[in-house]
file structure_31.cif (mmCIF, N, CA and C atoms)
data_coords
#
loop_
_atom_site.label_atom_id
_atom_site.label_comp_id
_atom_site.auth_asym_id
_atom_site.auth_seq_id
_atom_site.Cartn_x
_atom_site.Cartn_y
_atom_site.Cartn_z
N MET B 1 110.60 106.55 114.49
CA MET B 1 109.27 106.02 114.33
C MET B 1 109.16 104.75 115.18
N GLU B 2 108.13 104.67 115.96
CA GLU B 2 107.87 103.49 116.79
C GLU B 2 106.41 103.10 116.61
N VAL B 3 106.20 101.87 116.11
CA VAL B 3 104.86 101.42 115.77
C VAL B 3 104.69 99.96 116.15
N SER B 4 103.52 99.62 116.69
CA SER B 4 103.15 98.22 116.95
C SER B 4 102.15 97.79 115.89
N TYR B 5 102.33 96.57 115.37
CA TYR B 5 101.47 96.04 114.32
C TYR B 5 100.85 94.72 114.74
N ILE B 6 99.61 94.52 114.35
CA ILE B 6 98.94 93.23 114.42
C ILE B 6 98.54 92.93 112.98
N ILE B 7 98.99 91.81 112.45
CA ILE B 7 98.76 91.48 111.05
C ILE B 7 98.02 90.15 111.00
N ILE B 8 96.88 90.16 110.30
CA ILE B 8 96.00 88.99 110.26
C ILE B 8 95.61 88.70 108.82
N PRO B 9 95.79 87.48 108.36
CA PRO B 9 95.32 87.15 107.01
C PRO B 9 93.79 87.08 107.00
N VAL B 10 93.17 87.62 105.96
CA VAL B 10 91.71 87.58 105.85
C VAL B 10 91.33 87.05 104.48
N VAL B 11 90.10 86.59 104.38
CA VAL B 11 89.57 86.04 103.14
C VAL B 11 88.85 87.15 102.39
N GLU B 12 89.16 87.28 101.12
CA GLU B 12 88.50 88.29 100.31
C GLU B 12 87.00 88.02 100.28
N GLY B 13 86.24 89.08 100.42
CA GLY B 13 84.79 88.97 100.49
C GLY B 13 84.29 88.89 101.93
N ARG B 14 85.21 88.56 102.84
CA ARG B 14 84.88 88.51 104.27
C ARG B 14 85.89 89.33 105.07
N GLU B 15 86.37 90.37 104.44
CA GLU B 15 87.43 91.19 105.03
C GLU B 15 87.08 91.76 106.39
N GLU B 16 85.84 92.13 106.56
CA GLU B 16 85.46 92.87 107.76
C GLU B 16 84.93 91.98 108.89
N ILE B 17 85.11 90.69 108.76
CA ILE B 17 84.56 89.74 109.73
C ILE B 17 85.07 89.99 111.16
N PHE B 18 86.30 90.45 111.30
CA PHE B 18 86.90 90.64 112.63
C PHE B 18 86.89 92.10 113.09
N ASN B 19 86.52 93.03 112.23
CA ASN B 19 86.71 94.46 112.51
C ASN B 19 86.09 94.93 113.82
N GLU B 20 84.86 94.57 114.07
CA GLU B 20 84.20 95.06 115.29
C GLU B 20 84.91 94.53 116.54
N GLU B 21 85.21 93.25 116.53
CA GLU B 21 85.90 92.64 117.68
C GLU B 21 87.29 93.24 117.87
N LEU B 22 88.01 93.42 116.76
CA LEU B 22 89.35 93.99 116.85
C LEU B 22 89.32 95.44 117.33
N SER B 23 88.32 96.19 116.92
CA SER B 23 88.18 97.58 117.38
C SER B 23 87.97 97.65 118.88
N THR B 24 87.28 96.66 119.42
CA THR B 24 87.04 96.61 120.87
C THR B 24 88.32 96.22 121.62
N ILE B 25 89.02 95.22 121.11
CA ILE B 25 90.24 94.74 121.78
C ILE B 25 91.40 95.73 121.62
N PHE B 26 91.50 96.36 120.46
CA PHE B 26 92.60 97.29 120.16
C PHE B 26 92.04 98.68 119.84
N PRO B 27 91.49 99.38 120.82
CA PRO B 27 90.82 100.66 120.53
C PRO B 27 91.76 101.76 120.00
N LEU B 28 93.04 101.66 120.24
CA LEU B 28 93.98 102.68 119.78
C LEU B 28 94.51 102.41 118.37
N ALA B 29 94.22 101.23 117.84
CA ALA B 29 94.77 100.83 116.54
C ALA B 29 93.94 101.35 115.38
N LYS B 30 94.64 101.69 114.33
CA LYS B 30 94.00 102.01 113.06
C LYS B 30 94.06 100.75 112.20
N MET B 31 93.07 100.57 111.32
CA MET B 31 93.01 99.37 110.47
C MET B 31 93.15 99.76 109.01
N LYS B 32 93.87 98.91 108.31
CA LYS B 32 94.06 99.09 106.88
C LYS B 32 94.21 97.71 106.24
N TYR B 33 93.76 97.57 105.01
CA TYR B 33 93.95 96.32 104.27
C TYR B 33 95.13 96.48 103.33
N LEU B 34 95.82 95.38 103.15
CA LEU B 34 97.01 95.37 102.31
C LEU B 34 97.04 94.05 101.55
N ARG B 35 97.23 94.12 100.25
CA ARG B 35 97.33 92.89 99.44
C ARG B 35 98.80 92.64 99.15
N ILE B 36 99.24 91.46 99.52
CA ILE B 36 100.60 91.02 99.22
C ILE B 36 100.46 89.72 98.44
N GLU B 37 100.97 89.75 97.21
CA GLU B 37 100.79 88.61 96.31
C GLU B 37 99.30 88.29 96.24
N ASN B 38 98.89 87.08 96.57
CA ASN B 38 97.47 86.71 96.51
C ASN B 38 96.80 86.75 97.88
N GLN B 39 97.48 87.25 98.88
CA GLN B 39 96.94 87.25 100.23
C GLN B 39 96.49 88.65 100.64
N LEU B 40 95.28 88.72 101.16
CA LEU B 40 94.77 89.97 101.71
C LEU B 40 95.06 89.97 103.21
N LEU B 41 95.64 91.05 103.70
CA LEU B 41 96.00 91.16 105.11
C LEU B 41 95.25 92.32 105.74
N LEU B 42 94.81 92.11 106.95
CA LEU B 42 94.28 93.19 107.77
C LEU B 42 95.44 93.63 108.67
N VAL B 43 95.82 94.88 108.54
CA VAL B 43 96.95 95.42 109.31
C VAL B 43 96.39 96.43 110.30
N LEU B 44 96.56 96.14 111.57
CA LEU B 44 96.23 97.10 112.62
C LEU B 44 97.55 97.68 113.09
N TYR B 45 97.58 98.98 113.33
CA TYR B 45 98.82 99.56 113.83
C TYR B 45 98.54 100.66 114.83
N ILE B 46 99.45 100.77 115.75
CA ILE B 46 99.40 101.80 116.78
C ILE B 46 100.68 102.62 116.64
N ASN B 47 100.53 103.88 116.30
CA ASN B 47 101.67 104.77 116.13
C ASN B 47 102.11 105.25 117.52
N VAL B 48 102.88 104.44 118.18
CA VAL B 48 103.30 104.68 119.56
C VAL B 48 104.03 106.01 119.69
N GLU B 49 104.94 106.26 118.78
CA GLU B 49 105.72 107.50 118.85
C GLU B 49 104.82 108.74 118.81
N TYR B 50 103.86 108.75 117.91
CA TYR B 50 102.94 109.88 117.79
C TYR B 50 102.14 110.09 119.07
N TYR B 51 101.56 109.02 119.59
CA TYR B 51 100.75 109.12 120.80
C TYR B 51 101.57 109.55 122.01
N LEU B 52 102.80 109.05 122.12
CA LEU B 52 103.66 109.46 123.23
C LEU B 52 104.05 110.93 123.10
N LYS B 53 104.40 111.32 121.90
CA LYS B 53 104.82 112.69 121.66
C LYS B 53 103.71 113.69 122.04
N HIS B 54 102.48 113.33 121.74
CA HIS B 54 101.35 114.20 122.03
C HIS B 54 100.68 113.90 123.37
N LYS B 55 101.30 113.01 124.13
CA LYS B 55 100.83 112.66 125.48
C LYS B 55 99.34 112.33 125.50
N MET B 56 98.92 111.56 124.50
CA MET B 56 97.51 111.22 124.36
C MET B 56 97.11 110.00 125.19
N TYR B 57 98.06 109.09 125.41
CA TYR B 57 97.79 107.88 126.17
C TYR B 57 99.02 107.54 127.01
N SER B 58 98.83 106.72 128.01
CA SER B 58 99.96 106.30 128.84
C SER B 58 100.76 105.22 128.11
N GLU B 59 101.99 105.04 128.55
CA GLU B 59 102.82 103.98 127.97
C GLU B 59 102.16 102.62 128.14
N ALA B 60 101.55 102.39 129.29
CA ALA B 60 100.89 101.10 129.54
C ALA B 60 99.80 100.84 128.51
N GLU B 61 99.01 101.86 128.19
CA GLU B 61 97.94 101.70 127.19
C GLU B 61 98.52 101.44 125.80
N LEU B 62 99.60 102.12 125.47
CA LEU B 62 100.19 102.01 124.14
C LEU B 62 100.89 100.67 123.90
N TYR B 63 101.44 100.10 124.95
CA TYR B 63 102.17 98.83 124.79
C TYR B 63 101.30 97.61 125.12
N ARG B 64 100.06 97.83 125.41
CA ARG B 64 99.15 96.76 125.80
C ARG B 64 98.81 95.78 124.67
N ALA B 65 98.93 96.22 123.43
CA ALA B 65 98.58 95.37 122.28
C ALA B 65 99.35 94.06 122.28
N GLU B 66 100.57 94.08 122.79
CA GLU B 66 101.39 92.87 122.82
C GLU B 66 100.75 91.78 123.67
N GLN B 67 100.02 92.14 124.71
CA GLN B 67 99.31 91.16 125.52
C GLN B 67 97.91 90.90 124.97
N ASP B 68 97.28 91.94 124.45
CA ASP B 68 95.90 91.80 123.97
C ASP B 68 95.76 90.92 122.75
N ILE B 69 96.83 90.75 121.99
CA ILE B 69 96.74 89.87 120.83
C ILE B 69 96.40 88.44 121.25
N PHE B 70 96.79 88.07 122.47
CA PHE B 70 96.47 86.73 122.96
C PHE B 70 94.97 86.56 123.23
N VAL B 71 94.31 87.64 123.61
CA VAL B 71 92.86 87.61 123.82
C VAL B 71 92.18 87.27 122.50
N PHE B 72 92.54 87.99 121.45
CA PHE B 72 91.95 87.74 120.14
C PHE B 72 92.31 86.36 119.62
N ALA B 73 93.58 85.99 119.71
CA ALA B 73 94.02 84.70 119.19
C ALA B 73 93.34 83.53 119.90
N HIS B 74 93.08 83.68 121.17
CA HIS B 74 92.41 82.61 121.91
C HIS B 74 90.97 82.43 121.42
N ARG B 75 90.34 83.52 121.03
CA ARG B 75 88.96 83.45 120.52
C ARG B 75 88.89 82.86 119.11
N LYS B 76 90.01 82.90 118.40
CA LYS B 76 90.10 82.39 117.02
C LYS B 76 91.24 81.38 116.95
N PRO B 77 91.07 80.20 117.55
CA PRO B 77 92.18 79.26 117.68
C PRO B 77 92.73 78.72 116.36
N TYR B 78 92.00 78.85 115.29
CA TYR B 78 92.42 78.38 113.98
C TYR B 78 93.30 79.39 113.24
N LEU B 79 93.38 80.60 113.73
CA LEU B 79 93.99 81.72 113.02
C LEU B 79 95.39 82.02 113.55
N LYS B 80 96.32 82.24 112.65
CA LYS B 80 97.66 82.70 113.03
C LYS B 80 97.67 84.22 112.93
N CYS B 81 98.13 84.87 113.98
CA CYS B 81 98.21 86.33 114.04
C CYS B 81 99.67 86.73 114.27
N VAL B 82 100.08 87.79 113.64
CA VAL B 82 101.45 88.28 113.76
C VAL B 82 101.45 89.58 114.55
N PHE B 83 102.34 89.67 115.52
CA PHE B 83 102.57 90.92 116.25
C PHE B 83 104.01 91.35 115.96
N ILE B 84 104.19 92.59 115.55
CA ILE B 84 105.53 93.13 115.30
C ILE B 84 105.61 94.53 115.90
N HIS B 85 106.66 94.76 116.65
CA HIS B 85 106.93 96.10 117.18
C HIS B 85 108.17 96.60 116.44
N MET B 86 108.05 97.77 115.82
CA MET B 86 109.12 98.33 115.01
C MET B 86 109.58 99.65 115.61
N ILE B 87 110.89 99.80 115.71
CA ILE B 87 111.49 101.06 116.15
C ILE B 87 112.51 101.45 115.09
N CYS B 88 112.35 102.65 114.53
CA CYS B 88 113.26 103.13 113.49
C CYS B 88 113.87 104.47 113.88
N ALA B 89 115.13 104.60 113.56
CA ALA B 89 115.84 105.87 113.68
C ALA B 89 116.44 106.13 112.31
N GLY B 90 115.84 107.02 111.57
CA GLY B 90 116.27 107.23 110.18
C GLY B 90 115.92 106.00 109.37
N THR B 91 116.91 105.43 108.72
CA THR B 91 116.68 104.23 107.90
C THR B 91 117.02 102.95 108.65
N ASN B 92 117.51 103.08 109.86
CA ASN B 92 117.85 101.90 110.67
C ASN B 92 116.63 101.48 111.49
N CYS B 93 116.17 100.26 111.26
CA CYS B 93 114.98 99.76 111.96
C CYS B 93 115.28 98.47 112.70
N TYR B 94 114.66 98.35 113.84
CA TYR B 94 114.73 97.14 114.66
C TYR B 94 113.31 96.59 114.76
N PHE B 95 113.18 95.28 114.55
CA PHE B 95 111.89 94.61 114.59
C PHE B 95 111.92 93.52 115.66
N GLU B 96 110.85 93.45 116.41
CA GLU B 96 110.71 92.40 117.42
C GLU B 96 109.27 91.92 117.35
N GLY B 97 109.09 90.60 117.28
CA GLY B 97 107.72 90.13 117.17
C GLY B 97 107.57 88.64 117.31
N PHE B 98 106.33 88.20 117.09
CA PHE B 98 106.01 86.79 117.21
C PHE B 98 104.75 86.47 116.44
N VAL B 99 104.56 85.18 116.21
CA VAL B 99 103.32 84.66 115.63
C VAL B 99 102.62 83.89 116.73
N VAL B 100 101.33 84.16 116.89
CA VAL B 100 100.56 83.49 117.93
C VAL B 100 99.40 82.75 117.28
N ARG B 101 99.12 81.58 117.80
CA ARG B 101 97.96 80.80 117.39
C ARG B 101 97.34 80.26 118.67
N ASN B 102 96.03 80.50 118.83
CA ASN B 102 95.33 80.19 120.06
C ASN B 102 96.01 80.99 121.17
N LYS B 103 96.58 80.37 122.16
CA LYS B 103 97.28 81.12 123.22
C LYS B 103 98.78 80.91 123.19
N SER B 104 99.27 80.28 122.11
CA SER B 104 100.67 79.90 122.07
C SER B 104 101.47 80.69 121.05
N VAL B 105 102.65 81.11 121.45
CA VAL B 105 103.58 81.72 120.53
C VAL B 105 104.23 80.57 119.76
N ILE B 106 104.10 80.59 118.44
CA ILE B 106 104.67 79.50 117.64
C ILE B 106 105.98 79.89 116.95
N LEU B 107 106.28 81.18 116.93
CA LEU B 107 107.52 81.64 116.33
C LEU B 107 107.83 83.04 116.85
N GLU B 108 109.10 83.29 117.14
CA GLU B 108 109.55 84.61 117.58
C GLU B 108 110.72 85.04 116.71
N SER B 109 110.88 86.34 116.57
CA SER B 109 112.00 86.86 115.81
C SER B 109 112.28 88.29 116.25
N SER B 110 113.55 88.65 116.20
CA SER B 110 113.93 90.04 116.46
C SER B 110 115.23 90.32 115.73
N GLY B 111 115.41 91.56 115.39
CA GLY B 111 116.63 91.96 114.71
C GLY B 111 116.39 93.13 113.79
N VAL B 112 117.37 93.39 112.94
CA VAL B 112 117.31 94.52 112.03
C VAL B 112 117.02 94.03 110.61
N LYS B 113 116.92 94.97 109.71
CA LYS B 113 116.69 94.74 108.29
C LYS B 113 115.45 93.90 108.04
N ASP B 114 115.61 92.68 107.58
CA ASP B 114 114.46 91.85 107.20
C ASP B 114 114.17 90.73 108.20
N SER B 115 114.44 90.97 109.46
CA SER B 115 114.20 89.94 110.48
C SER B 115 112.72 89.61 110.63
N TYR B 116 111.85 90.49 110.17
CA TYR B 116 110.41 90.27 110.24
C TYR B 116 109.91 89.29 109.18
N VAL B 117 110.71 89.01 108.15
CA VAL B 117 110.27 88.19 107.02
C VAL B 117 109.82 86.81 107.47
N LYS B 118 110.55 86.18 108.38
CA LYS B 118 110.14 84.83 108.79
C LYS B 118 108.80 84.84 109.54
N LEU B 119 108.45 85.95 110.18
CA LEU B 119 107.14 86.05 110.81
C LEU B 119 106.05 86.13 109.75
N LEU B 120 106.27 86.94 108.74
CA LEU B 120 105.29 87.07 107.66
C LEU B 120 105.16 85.79 106.85
N LYS B 121 106.26 85.06 106.71
CA LYS B 121 106.21 83.78 105.99
C LYS B 121 105.31 82.77 106.70
N GLU B 122 105.11 82.93 107.97
CA GLU B 122 104.26 82.02 108.73
C GLU B 122 102.79 82.16 108.31
N ILE B 123 102.39 83.35 107.87
CA ILE B 123 101.01 83.54 107.40
C ILE B 123 100.93 83.62 105.87
N MET B 124 102.08 83.82 105.22
CA MET B 124 102.16 83.83 103.75
C MET B 124 103.40 83.04 103.35
N PRO B 125 103.30 81.72 103.25
CA PRO B 125 104.49 80.88 103.03
C PRO B 125 105.36 81.27 101.84
N SER B 126 104.79 81.81 100.80
CA SER B 126 105.59 82.16 99.63
C SER B 126 106.11 83.60 99.67
N TYR B 127 105.91 84.28 100.81
CA TYR B 127 106.32 85.69 100.90
C TYR B 127 107.83 85.82 100.75
N TYR B 128 108.19 86.67 99.81
CA TYR B 128 109.58 87.07 99.68
C TYR B 128 109.60 88.39 98.93
N THR B 129 110.35 89.29 99.41
CA THR B 129 110.49 90.56 98.72
C THR B 129 111.82 91.18 99.08
N SER B 130 112.38 91.88 98.13
CA SER B 130 113.62 92.61 98.43
C SER B 130 113.29 94.02 98.91
N ASP B 131 112.01 94.39 98.79
CA ASP B 131 111.57 95.69 99.28
C ASP B 131 111.07 95.56 100.72
N LYS B 132 111.09 96.66 101.42
CA LYS B 132 110.56 96.69 102.77
C LYS B 132 109.05 96.48 102.73
N PHE B 133 108.51 95.77 103.69
CA PHE B 133 107.07 95.53 103.80
C PHE B 133 106.36 96.87 103.82
N GLU B 134 105.40 97.05 102.94
CA GLU B 134 104.73 98.35 102.74
C GLU B 134 104.17 98.95 104.03
N ALA B 135 103.64 98.13 104.91
CA ALA B 135 103.04 98.64 106.17
C ALA B 135 104.08 99.30 107.07
N PHE B 136 105.35 99.04 106.85
CA PHE B 136 106.39 99.61 107.68
C PHE B 136 106.86 100.98 107.19
N SER B 137 106.23 101.48 106.15
CA SER B 137 106.64 102.78 105.61
C SER B 137 105.90 103.92 106.32
N ARG B 138 106.53 105.04 106.35
CA ARG B 138 105.91 106.22 106.94
C ARG B 138 104.66 106.61 106.16
N ALA B 139 104.68 106.44 104.85
CA ALA B 139 103.52 106.78 104.01
C ALA B 139 102.30 105.93 104.39
N PHE B 140 102.49 104.67 104.67
CA PHE B 140 101.39 103.79 105.05
C PHE B 140 100.72 104.30 106.32
N ILE B 141 101.51 104.70 107.28
CA ILE B 141 101.00 105.15 108.57
C ILE B 141 100.37 106.53 108.47
N GLU B 142 100.98 107.41 107.71
CA GLU B 142 100.50 108.78 107.63
C GLU B 142 99.30 108.95 106.73
N ASN B 143 99.03 108.00 105.84
CA ASN B 143 97.90 108.12 104.91
C ASN B 143 96.63 107.48 105.45
N THR B 144 96.42 107.53 106.73
CA THR B 144 95.22 106.96 107.32
C THR B 144 94.46 108.02 108.08
#
call {"tool": "encode", "arguments": {"input": "structure_31.cif", "output": "structure tokens"}}
result
Amino acid sequence: MEVSYIIIPVVEGREEIFNEELSTIFPLAKMKYLRIENQLLLVLYINVEYYLKHKMYSEAELYRAEQDIFVFAHRKPYLKCVFIHMICAGTNCYFEGFVVRNKSVILESSGVKDSYVKLLKEIMPSYYTSDKFEAFSRAFIENT
């Protein structure tokens, strides 16, 4: 499984404030909301493996989200956005990502297991879980 994620904290009652703009910037991404503790998150994801397997888009189009997140972040300089690229083979997963604010990367992380936790803590300071982040499950991706 290979998936790119853009994760943005949103305010309840104003969940859809960014949807139109995000749909334009990330046309290949699907959107889903996820509540973690008291924080509502907008999770955009691109199922890279699926699109490559079905030859629906070029590699350049599928990996473009990593650069396009800077376009969105620059337009919303007050907002921290998380980008994570996940590659899994069975139960072994590798995560690579960063947190961007305005046009600057403020934190980077890569590795296996829970290496993504410090990225999520940047938008949810009290985040801690012994379970895998729900958006990284096959069920989350397939139920859209």
call {"tool": "residues_around", "arguments": {"input": "structure_31.cif", "residues": "Tyr116 in chain B", "least_positions_apart": "5", "cutoff": "7 Å", "atoms": "all atoms listed in the file", "output": "ChimeraX atom specification"}}
result
/B:95-96,109-111,121
call {"tool": "atom_distance", "arguments": {"input": "structure_31.cif", "atom1": "atom C of Phe140 in chain B", "atom2": "atom N of Tyr5 in chain B"}}
result
12.0 Å
call {"tool": "resolve_selection", "arguments": {"input": "structure_31.cif", "expression": "the PyMOL selection byres (((chain B and resi 45-60 and name CA) around 8) and name CA)", "output": "compact mmCIF listing (two decimals) with N, CA and C atoms, in the coordinates of the input"}}
result
# COMPACT_ATOMS: atom_id res chain seq x y z
N MET B 1 110.60 106.55 114.49
CA MET B 1 109.27 106.02 114.33
C MET B 1 109.16 104.75 115.18
N GLU B 2 108.13 104.67 115.96
CA GLU B 2 107.87 103.49 116.79
C GLU B 2 106.41 103.10 116.61
N VAL B 3 106.20 101.87 116.11
CA VAL B 3 104.86 101.42 115.77
C VAL B 3 104.69 99.96 116.15
N SER B 4 103.52 99.62 116.69
CA SER B 4 103.15 98.22 116.95
C SER B 4 102.15 97.79 115.89
N TYR B 5 102.33 96.57 115.37
CA TYR B 5 101.47 96.04 114.32
C TYR B 5 100.85 94.72 114.74
N ILE B 6 99.61 94.52 114.35
CA ILE B 6 98.94 93.23 114.42
C ILE B 6 98.54 92.93 112.98
N LEU B 28 93.04 101.66 120.24
CA LEU B 28 93.98 102.68 119.78
C LEU B 28 94.51 102.41 118.37
N ALA B 29 94.22 101.23 117.84
CA ALA B 29 94.77 100.83 116.54
C ALA B 29 93.94 101.35 115.38
N LYS B 30 94.64 101.69 114.33
CA LYS B 30 94.00 102.01 113.06
C LYS B 30 94.06 100.75 112.20
N MET B 31 93.07 100.57 111.32
CA MET B 31 93.01 99.37 110.47
C MET B 31 93.15 99.76 109.01
N VAL B 43 95.82 94.88 108.54
CA VAL B 43 96.95 95.42 109.31
C VAL B 43 96.39 96.43 110.30
N LEU B 44 96.56 96.14 111.57
CA LEU B 44 96.23 97.10 112.62
C LEU B 44 97.55 97.68 113.09
N GLU B 61 99.01 101.86 128.19
CA GLU B 61 97.94 101.70 127.19
C GLU B 61 98.52 101.44 125.80
N LEU B 62 99.60 102.12 125.47
CA LEU B 62 100.19 102.01 124.14
C LEU B 62 100.89 100.67 123.90
N TYR B 63 101.44 100.10 124.95
CA TYR B 63 102.17 98.83 124.79
C TYR B 63 101.30 97.61 125.12
N ARG B 64 100.06 97.83 125.41
CA ARG B 64 99.15 96.76 125.80
C ARG B 64 98.81 95.78 124.67
N ILE B 141 101.51 104.70 107.28
CA ILE B 141 101.00 105.15 108.57
C ILE B 141 100.37 106.53 108.47
call {"tool": "closest_residue", "arguments": {"input": "structure_31.cif", "among": "B:Glu37, B:Lys103, B:Leu22, B:Glu12", "to": "Tyr127 in chain B", "atoms": "all atoms listed in the file"}}
result
B:Glu37
call {"tool": "atom_distance", "arguments": {"input": "structure_31.cif", "atom1": "CA of Pro27 in chain B", "atom2": "CA of Met124 in chain B"}}
result
26.3 Å
